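my_file.cif follows (mmCIF, C-alpha atoms):
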```
data_data
loop_
_atom_site.label_atom_id
_atom_site.label_comp_id
_atom_site.auth_asym_id
_atom_site.auth_seq_id
_atom_site.Cartn_x
_atom_site.Cartn_y
_atom_site.Cartn_z
CA GLY A 17 214.06 -238.34 -2.80
CA ALA A 18 210.91 -236.35 -3.14
CA THR A 19 209.54 -234.84 -0.05
CA GLY A 20 206.65 -236.72 1.26
CA SER A 21 203.45 -235.10 2.34
CA THR A 22 203.40 -233.49 5.69
CA GLY A 23 201.80 -235.57 8.31
CA ALA A 24 199.34 -234.21 10.84
CA THR A 25 200.84 -232.04 13.41
CA GLY A 26 201.26 -233.83 16.67
CA SER A 27 201.05 -232.19 19.99
CA THR A 28 203.91 -230.03 20.73
CA GLY A 29 206.48 -231.78 22.70
CA ALA A 30 208.82 -230.16 24.98
CA THR A 31 211.13 -227.91 23.28
CA GLY A 32 214.35 -229.65 22.62
CA SER A 33 217.56 -228.04 22.20
CA THR A 34 217.93 -226.13 19.04
CA GLY A 35 219.47 -228.21 16.41
CA ALA A 36 221.83 -226.98 13.84
CA THR A 37 220.30 -224.72 11.27
CA GLY A 38 219.54 -226.61 8.21
CA SER A 39 220.06 -225.24 4.84
CA THR A 40 217.48 -222.77 3.73
CA GLY A 41 214.75 -224.30 1.85
CA ALA A 42 213.29 -222.86 -1.19
CA THR A 43 211.30 -219.69 -0.58
CA GLY A 44 207.71 -220.43 -0.36
CA SER A 45 205.13 -218.27 -1.89
CA THR A 46 204.36 -215.01 -0.10
CA GLY A 47 201.64 -215.37 2.37
CA ALA A 48 198.88 -212.98 2.75
CA THR A 49 199.86 -209.65 4.29
CA GLY A 50 199.06 -209.58 7.89
CA ALA A 51 197.35 -206.70 9.59
CA ASP A 52 199.50 -203.64 10.25
CA GLY A 53 201.00 -203.59 13.62
CA ALA A 54 200.74 -200.62 15.87
CA THR A 55 202.93 -197.66 14.88
CA GLY A 56 205.99 -197.53 16.94
CA SER A 57 207.11 -194.40 18.67
CA THR A 58 208.96 -191.81 16.55
CA GLY A 59 212.61 -192.03 16.91
CA ALA A 60 214.70 -189.05 17.81
CA THR A 61 215.32 -186.56 14.99
CA GLY A 62 218.73 -186.89 13.62
CA SER A 63 221.02 -183.90 13.32
CA THR A 64 220.57 -181.71 10.20
CA GLY A 65 222.96 -182.49 7.51
CA ALA A 66 225.15 -179.90 5.92
CA THR A 67 223.39 -177.68 3.32
CA GLY A 68 224.22 -178.72 -0.11
CA SER A 69 225.37 -176.26 -2.75
CA THR A 70 222.61 -174.35 -4.55
CA GLY A 71 221.69 -175.84 -7.75
CA ALA A 72 221.38 -173.92 -10.98
CA THR A 73 218.25 -171.75 -11.23
CA GLY A 74 215.66 -173.48 -13.22
CA SER A 75 213.67 -171.80 -15.91
CA THR A 76 210.80 -169.56 -14.68
CA GLY A 77 207.63 -171.41 -14.42
CA ALA A 78 204.37 -170.17 -15.76
CA THR A 79 202.78 -167.29 -13.77
CA GLY A 80 200.35 -168.61 -11.31
CA SER A 81 196.88 -167.24 -10.87
CA THR A 82 196.59 -163.95 -8.82
CA GLY A 83 196.15 -164.58 -5.18
CA ALA A 84 193.40 -163.06 -3.11
CA THR A 85 193.83 -159.32 -2.29
CA GLY A 86 195.37 -158.83 1.11
CA SER A 87 193.87 -156.56 3.76
CA THR A 88 194.56 -152.80 3.40
CA GLY A 89 197.59 -151.63 5.28
CA ALA A 90 197.52 -148.72 7.73
CA THR A 91 197.33 -145.23 6.12
CA GLY A 92 200.70 -143.57 5.93
CA SER A 93 201.32 -140.02 7.21
CA THR A 94 200.27 -137.18 4.86
CA GLY A 95 203.07 -135.81 2.73
CA ALA A 96 203.94 -132.14 2.50
CA THR A 97 201.50 -130.06 0.38
CA GLY A 98 202.87 -129.38 -3.04
CA SER A 99 202.92 -125.87 -4.55
CA THR A 100 199.68 -124.73 -6.16
CA GLY A 101 199.60 -125.25 -9.86
CA ALA A 102 198.67 -122.53 -12.29
CA THR A 103 194.95 -121.82 -12.56
CA GLY A 104 193.50 -123.54 -15.54
CA SER A 105 191.29 -121.78 -18.02
CA THR A 106 187.65 -121.49 -17.07
CA GLY A 107 185.59 -124.26 -18.47
CA ALA A 108 182.41 -123.75 -20.36
CA THR A 109 179.41 -122.90 -18.22
CA GLY A 110 177.41 -125.98 -17.49
CA SER A 111 173.74 -126.21 -18.02
CA THR A 112 171.52 -124.80 -15.30
CA GLY A 113 170.64 -127.34 -12.69
CA ALA A 114 167.16 -128.18 -11.68
CA THR A 115 165.42 -125.62 -9.47
CA GLY A 116 165.78 -126.51 -5.84
CA SER A 117 162.88 -126.93 -3.53
CA THR A 118 161.36 -123.80 -2.03
CA GLY A 119 162.94 -122.75 1.26
CA ALA A 120 161.10 -122.38 4.49
CA THR A 121 158.76 -119.42 4.73
CA GLY A 122 160.34 -116.40 6.45
CA PRO A 123 159.03 -114.93 9.68
CA VAL A 124 155.76 -113.06 9.62
CA GLY A 125 155.97 -109.25 9.78
CA LEU A 126 155.37 -107.32 12.99
CA VAL A 127 151.71 -106.79 12.17
CA ALA A 128 150.19 -108.74 9.30
CA GLY A 129 149.42 -106.45 6.36
CA ILE A 130 151.06 -103.40 8.02
CA ALA A 131 154.70 -104.23 8.82
CA SER A 132 156.99 -106.52 6.86
CA TYR A 133 160.54 -107.83 7.01
CA GLY A 134 162.72 -107.94 3.89
CA SER A 135 165.05 -110.94 4.11
CA THR A 136 167.09 -110.05 1.03
CA ASN A 137 168.46 -106.69 2.18
CA ASN A 138 167.45 -106.99 5.84
CA TYR A 139 165.15 -104.05 6.42
CA VAL A 140 161.81 -103.43 8.13
CA THR A 141 159.02 -101.46 6.47
CA LEU A 142 155.74 -99.98 7.64
CA SER A 143 152.97 -99.89 5.06
CA ALA A 144 149.33 -98.95 4.78
CA ASN A 145 146.94 -100.14 2.07
CA ASN A 146 149.83 -102.03 0.44
CA THR A 147 151.88 -98.82 0.14
CA GLU A 148 155.22 -98.53 1.94
CA TYR A 149 155.73 -95.32 3.95
CA ILE A 150 158.57 -95.99 6.42
CA ARG A 151 161.71 -98.13 6.05
CA LEU A 152 164.32 -98.99 8.70
CA LEU A 153 167.68 -100.12 7.24
CA THR A 154 170.33 -102.25 8.93
CA SER A 155 172.49 -99.09 9.20
CA GLY A 156 169.93 -97.69 11.62
CA ASN A 157 168.79 -95.05 9.10
CA VAL A 158 165.06 -94.41 8.92
CA GLY A 159 163.44 -93.20 5.72
CA ILE A 160 159.97 -91.66 5.50
CA GLY A 161 158.85 -91.46 1.90
CA THR A 162 162.17 -92.90 0.70
CA THR A 163 163.72 -96.37 0.55
CA THR A 164 167.35 -95.16 0.48
CA SER A 165 167.81 -93.01 3.58
CA ALA A 166 171.40 -91.74 3.79
CA THR A 167 171.07 -90.21 7.27
CA LYS A 168 169.59 -91.26 10.62
CA LEU A 169 166.28 -89.64 9.63
CA HIS A 170 165.51 -88.92 5.98
CA VAL A 171 162.14 -87.34 5.19
CA GLU A 172 160.96 -86.87 1.62
CA GLY A 173 158.12 -84.35 1.74
CA ASP A 174 156.78 -81.72 4.11
CA MET A 175 157.21 -82.02 7.87
CA THR A 176 155.18 -80.29 10.58
CA VAL A 177 156.22 -79.62 14.15
CA ALA A 178 153.31 -78.52 16.31
CA THR A 179 155.11 -77.36 19.44
CA LEU A 180 158.70 -76.27 20.04
CA ALA A 181 160.44 -75.03 23.13
CA THR A 182 161.36 -71.35 23.19
CA ALA A 183 164.97 -70.68 22.24
CA VAL A 184 167.18 -69.05 24.84
CA SER A 185 170.63 -67.52 24.77
CA GLY A 186 173.24 -70.11 23.89
CA ASP A 187 170.86 -72.30 21.86
CA SER A 188 171.86 -73.20 18.29
CA PRO A 189 169.53 -72.62 15.33
CA VAL A 190 168.68 -75.45 12.95
CA TYR A 191 168.67 -74.83 9.20
CA ALA A 192 168.57 -76.84 5.98
CA ASP A 193 171.47 -76.82 3.54
CA SER A 194 171.13 -76.95 -0.25
CA THR A 195 170.60 -80.73 -0.19
CA GLY A 196 167.85 -80.55 2.43
CA LYS A 197 169.98 -81.86 5.31
CA LEU A 198 169.27 -80.28 8.68
CA LYS A 199 172.33 -78.71 10.28
CA LYS A 200 173.08 -76.91 13.51
CA GLY A 201 174.15 -73.30 13.22
CA ALA A 202 176.16 -71.16 15.57
CA ALA A 203 174.81 -70.69 19.07
CA LEU A 204 172.16 -68.03 19.40
CA GLU A 205 172.97 -64.93 21.36
CA PRO A 206 171.15 -61.63 21.81
CA THR A 207 171.96 -59.46 18.81
CA PHE A 208 169.81 -56.47 19.66
CA ILE A 209 171.20 -53.23 20.97
CA ASP A 210 169.53 -49.91 21.73
CA VAL A 211 171.78 -46.94 22.43
CA SER A 212 171.14 -43.20 22.63
CA GLY A 213 172.70 -39.90 23.68
CA ALA A 214 175.26 -37.60 22.02
CA ALA A 215 173.39 -34.48 23.13
CA GLY A 216 175.51 -31.39 22.50
CA GLN A 217 177.91 -33.05 20.04
CA VAL A 218 178.70 -30.63 17.20
CA ILE A 219 178.93 -31.93 13.65
CA GLY A 220 180.91 -29.94 11.06
CA ALA A 221 182.34 -30.39 7.59
CA ALA A 222 183.95 -33.76 8.25
CA PHE A 223 182.65 -37.30 8.61
CA THR A 224 182.32 -37.67 12.37
CA THR A 225 181.33 -40.69 14.47
CA VAL A 226 178.35 -40.04 16.72
CA ILE A 227 179.20 -41.06 20.27
CA MET A 228 176.15 -42.41 22.12
CA THR A 229 176.87 -43.08 25.76
CA THR A 230 173.55 -44.46 27.01
CA GLU A 231 173.08 -48.17 26.51
CA ASN A 232 169.40 -48.99 26.86
CA SER A 233 170.06 -52.61 25.83
CA ASP A 234 173.39 -54.31 25.11
CA PRO A 235 173.30 -57.77 26.77
CA ASN A 236 176.66 -58.94 25.49
CA GLY A 237 178.61 -55.68 25.46
CA HIS A 238 179.09 -55.37 21.70
CA HIS A 239 178.72 -51.57 21.74
CA ASN A 240 181.58 -49.35 22.93
CA THR A 241 180.36 -46.13 24.53
CA ALA A 242 183.81 -44.53 24.25
CA THR A 243 184.21 -45.03 20.49
CA GLY A 244 180.57 -45.40 19.39
CA ILE A 245 181.44 -48.63 17.56
CA TYR A 246 179.22 -51.72 17.51
CA THR A 247 181.16 -54.95 16.76
CA VAL A 248 179.04 -57.44 14.78
CA PRO A 249 178.96 -60.69 16.85
CA SER A 250 178.01 -63.12 14.05
CA SER A 251 177.65 -62.98 10.30
CA GLY A 252 174.15 -62.44 8.95
CA LEU A 253 171.47 -60.01 7.89
CA TYR A 254 170.96 -56.96 10.16
CA GLN A 255 168.39 -54.18 10.36
CA ILE A 256 169.56 -50.80 11.60
CA THR A 257 167.17 -48.05 12.67
CA GLY A 258 167.79 -44.70 14.30
CA THR A 259 166.68 -41.14 14.91
CA PHE A 260 168.71 -37.96 14.57
CA ARG A 261 167.43 -34.77 16.20
CA VAL A 262 169.46 -31.64 15.38
CA GLN A 263 169.45 -27.88 15.84
CA ASP A 264 171.32 -25.80 13.27
CA GLY A 265 171.79 -22.73 15.46
CA SER A 266 171.05 -20.31 12.64
CA THR A 267 168.22 -18.87 10.60
CA VAL A 268 169.74 -19.62 7.23
CA GLY A 269 169.43 -23.45 7.26
CA ARG A 270 171.99 -26.20 6.95
CA GLN A 271 172.49 -29.48 5.13
CA PHE A 272 173.73 -32.55 6.90
CA GLY A 273 173.85 -36.28 6.38
CA VAL A 274 173.76 -39.38 8.60
CA GLY A 275 174.70 -42.99 7.92
CA VAL A 276 175.65 -46.32 9.56
CA HIS A 277 178.49 -48.28 8.04
CA THR A 278 181.80 -50.02 8.77
CA SER A 279 183.73 -46.82 8.03
CA ASN A 280 183.01 -43.08 7.89
CA ILE A 281 182.63 -42.69 4.13
CA ASP A 282 179.91 -41.53 1.77
CA GLY A 283 177.80 -44.14 0.03
CA TYR A 284 174.28 -45.39 -0.53
CA TRP A 285 173.97 -45.89 3.23
CA PHE A 286 174.48 -42.16 3.85
CA TYR A 287 171.27 -40.07 3.83
CA TRP A 288 171.43 -36.31 3.23
CA HIS A 289 168.92 -33.94 4.85
CA ALA A 290 168.25 -30.24 4.71
CA VAL A 291 167.47 -28.52 7.97
CA GLN A 292 164.50 -26.22 7.56
CA ASN A 293 165.32 -22.58 7.10
CA THR A 294 163.39 -20.90 9.87
CA THR A 295 163.53 -17.56 11.62
CA VAL A 296 164.05 -19.26 14.96
CA ALA A 297 167.58 -20.49 15.63
CA ALA A 298 166.38 -22.94 18.28
CA ASP A 299 164.04 -24.86 15.96
CA ARG A 300 164.62 -28.62 16.07
CA THR A 301 164.16 -31.27 13.41
CA THR A 302 164.19 -35.11 13.87
CA TYR A 303 165.16 -37.39 11.00
CA PRO A 304 164.61 -41.15 10.89
CA TYR A 305 167.20 -43.61 9.61
CA ILE A 306 166.78 -47.21 8.47
CA ARG A 307 169.06 -49.63 6.70
CA VAL A 308 169.17 -53.40 6.09
CA GLY A 309 172.52 -54.95 5.28
CA ARG A 310 174.52 -58.14 5.45
CA PHE A 311 177.57 -57.97 7.68
CA THR A 312 180.36 -60.32 8.74
CA ALA A 313 181.33 -61.22 12.29
CA GLY A 314 183.88 -58.67 13.49
CA ASP A 315 182.66 -55.79 11.30
CA GLN A 316 182.62 -52.48 13.20
CA LEU A 317 179.48 -50.44 12.62
CA ARG A 318 179.09 -46.84 13.72
CA MET A 319 176.66 -43.96 13.13
CA PHE A 320 178.38 -40.96 11.62
CA SER A 321 177.38 -37.54 10.28
CA TYR A 322 178.53 -34.63 8.12
CA ALA A 323 177.30 -31.00 8.04
CA ASP A 324 177.50 -28.67 5.06
CA GLY A 325 177.09 -24.91 5.19
CA GLY A 326 177.84 -24.66 8.87
CA ASN A 327 177.76 -26.77 12.01
CA VAL A 328 174.74 -28.51 13.45
CA THR A 329 174.33 -29.50 17.05
CA ILE A 330 172.95 -32.87 18.07
CA LEU A 331 170.10 -32.66 20.55
CA LEU A 332 169.45 -36.43 20.75
CA THR A 333 170.22 -39.54 18.74
CA GLY A 334 169.23 -43.17 19.02
CA MET A 335 170.27 -46.35 17.22
CA GLN A 336 168.91 -49.87 17.27
CA ILE A 337 170.60 -52.87 15.60
CA ILE A 338 168.98 -56.30 15.40
CA LYS A 339 169.94 -59.44 13.54
CA ILE A 340 167.06 -60.61 11.34
CA GLY A 341 168.58 -63.54 9.44
CA GLU A 342 171.59 -65.70 8.66
#
```

Show me this structure written as structure tokens.
Amino acid sequence: GATGSTGATGSTGATGSTGATGSTGATGSTGATGADGATGSTGATGSTGATGSTGATGSTGATGSTGATGSTGATGSTGATGSTGATGSTGATGSTGATGSTGATGPVGLVAGIASYGSTNNYVTLSANNTEYIRLLTSGNVGIGTTTSATKLHVEGDMTVATLATAVSGDSPVYADSTGKLKKGAALEPTFIDVSGAAGQVIGAAFTTVIMTTENSDPNGHHNTATGIYTVPSSGLYQITGTFRVQDGSTVGRQFGVGVHTSNIDGYWFYWHAVQNTTVAADRTTYPYIRVGRFTAGDQLRMFSYADGGNVTILLTGMQIIKIGE
């Protein structure tokens, strides 16, 4: 019949032996869920199953948004330099940039208002009353009266030397060439000789060298007493003077000539004289000689004579030669 209502639960008696399981009653309604029990410990991981075959590739999904940029990797080694390309055509000149600020002021000159330093071309000048007079260039050249000295000392204008040492044998003269540059000439040496003699030498109708054997002055031995020849030591301008004292040995007079040249020939350097016609055969006459000429080193000068109308006898001769210019 119908199940009666459950009576009040009595006190639990002693547990009897388990009776036979009765048939399962109808399932009652689900009771309220009890509180979760504590999580049990994880069981051991089972072995991995065999990988299944790859499935067919699905269609590509839509592109996702770009992820954040990663950090920059280390710089790789530099590659070999490529060959230089052809130079391109020059572009149009750009507009002039703004003027830069003024640079620092240069150093002050040696003496304010007198000396100055040029920073552009690197030179030093000396001035007075705002007028430049001396300039020292980086080449070491000094110009006085010029800004473009081409030599160690370049003077534009007159120059005065108050005191000079006396030149001695072996010194070299200083002269100016056509451009005004000072140059050193050949070493100076005594170029003065004074010789005399030839007494008794007879001069006839032939050009004859006068042999003077007394050397009053010949410091460098340029005169030869055996030949009567003077060898010119250096090229230049020479003055030649002399005296010629003769006796014609007759009362009818004679003509004779005397000259100094590089050879015994007639010319403008040969002076003719007429010995006075006297009644005394022993009368003597002295004739002067002077010549200025330009000669070359090595020229051989000699005094020579010629008599016309009879012989003349030399009583005494003298000759002086001095160099008077280059």

Handout entry: Residues within 9 Å of Ile256 in chain A, all atoms listed in the file, excluding chain neighbours under 3 positions, as number ranges by chain
Key = A: 276, 305-309, 335-339

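Of the residues under consideration (A:Ala192, A:Arg318, A:Leu253, A:Val177), A:Arg318 shows the shortest atom-to-atom contact distance to His238 in chain A when counting only C-alpha atoms.
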
Practice task
List every protein, DNA or RNA residue with an atom no more than 10 Å from (180.5, -37.4, 20.2) in the file's coordinates, counting all atoms listed in the file, and format the result as a ChimeraX atom specification.
Solution key: /A:213-219,224-229,241-244,320,330

Determine, for each residue of range 202-307 of chain A having at least one atom at most 7 Å from an atom of range 321-325 of chain A, the closest pair of atoms and their separation in Å to one decimal, counting all atoms listed in the file; order by chain and ascending number, as a Markdown table.
```
| residue | atom | partner | partner_atom | distance |
| --- | --- | --- | --- | --- |
| A:Ile219 | CA | A:Ala323 | CA | 5.9 |
| A:Gly220 | CA | A:Ala323 | CA | 4.8 |
| A:Ala221 | CA | A:Ala323 | CA | 5.1 |
| A:Ala222 | CA | A:Tyr322 | CA | 5.5 |
| A:Phe223 | CA | A:Tyr322 | CA | 4.9 |
| A:Thr224 | CA | A:Ser321 | CA | 5.4 |
| A:Thr225 | CA | A:Ser321 | CA | 6.6 |
| A:Val226 | CA | A:Ser321 | CA | 7.0 |
| A:Arg270 | CA | A:Gly325 | CA | 5.5 |
| A:Gln271 | CA | A:Asp324 | CA | 5.1 |
| A:Phe272 | CA | A:Ala323 | CA | 4.1 |
| A:Gly273 | CA | A:Tyr322 | CA | 5.3 |
| A:Val274 | CA | A:Ser321 | CA | 4.4 |
| A:Gly275 | CA | A:Ser321 | CA | 6.5 |
```

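Distances here use all atoms listed in the file; by that measure, the residue among A:Glu342, A:Trp285, A:Thr31, A:Ser63 closest to Val190 in chain A is A:Glu342.
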
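When CA of Ser212 in chain A is paired with CA of His277 in chain A, their separation reads 17.1 Å.
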
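In this structure, CA of Arg300 in chain A sits 13.9 Å away from CA of Asn327 in chain A.
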
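Taking CA of Tyr303 in chain A and CA of Trp288 in chain A as the two end points, the separation is 10.0 Å.
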
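In this comparison, which uses all atoms listed in the file, the residue of A:Ser45, A:Ser21, A:Asn236, A:Thr64 approaching Val248 in chain A most closely is A:Asn236.
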
Practice task
Apply the PyMOL selection byres ((chain A and resi 262) around 7) to the displayed file and report the matching residues as a PyMOL selection string.
Solution key: chain A and resi 260-261+263-264+300-302+328-331

Let's have the selection written as a PDB file, in the coordinates of the input, with C-alpha atoms.
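As written to disk, out.pdb reads:
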```pdb
ATOM      1  CA  PHE A 260     168.710 -37.960  14.570  1.00  0.00           C
ATOM      2  CA  ARG A 261     167.430 -34.770  16.200  1.00  0.00           C
ATOM      3  CA  GLN A 263     169.450 -27.880  15.840  1.00  0.00           C
ATOM      4  CA  ASP A 264     171.320 -25.800  13.270  1.00  0.00           C
ATOM      5  CA  ARG A 300     164.620 -28.620  16.070  1.00  0.00           C
ATOM      6  CA  THR A 301     164.160 -31.270  13.410  1.00  0.00           C
ATOM      7  CA  THR A 302     164.190 -35.110  13.870  1.00  0.00           C
ATOM      8  CA  VAL A 328     174.740 -28.510  13.450  1.00  0.00           C
ATOM      9  CA  THR A 329     174.330 -29.500  17.050  1.00  0.00           C
ATOM     10  CA  ILE A 330     172.950 -32.870  18.070  1.00  0.00           C
ATOM     11  CA  LEU A 331     170.100 -32.660  20.550  1.00  0.00           C
TER      12      LEU A 331
END
```

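The smallest atom-to-atom distance between Asp210 in chain A and any of A:Ser251, A:Thr312, A:Thr163, A:Thr333, using only C-alpha atoms, is found for A:Thr333.
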
Exercise for the section: Give me the residues within 10 Å of Thr278 in chain A as a PyMOL selection string, counting all atoms listed in the file and dropping any in the same chain fewer than 2 places off. Expected result: chain A and resi 245-248+276+280-281+311+315-319
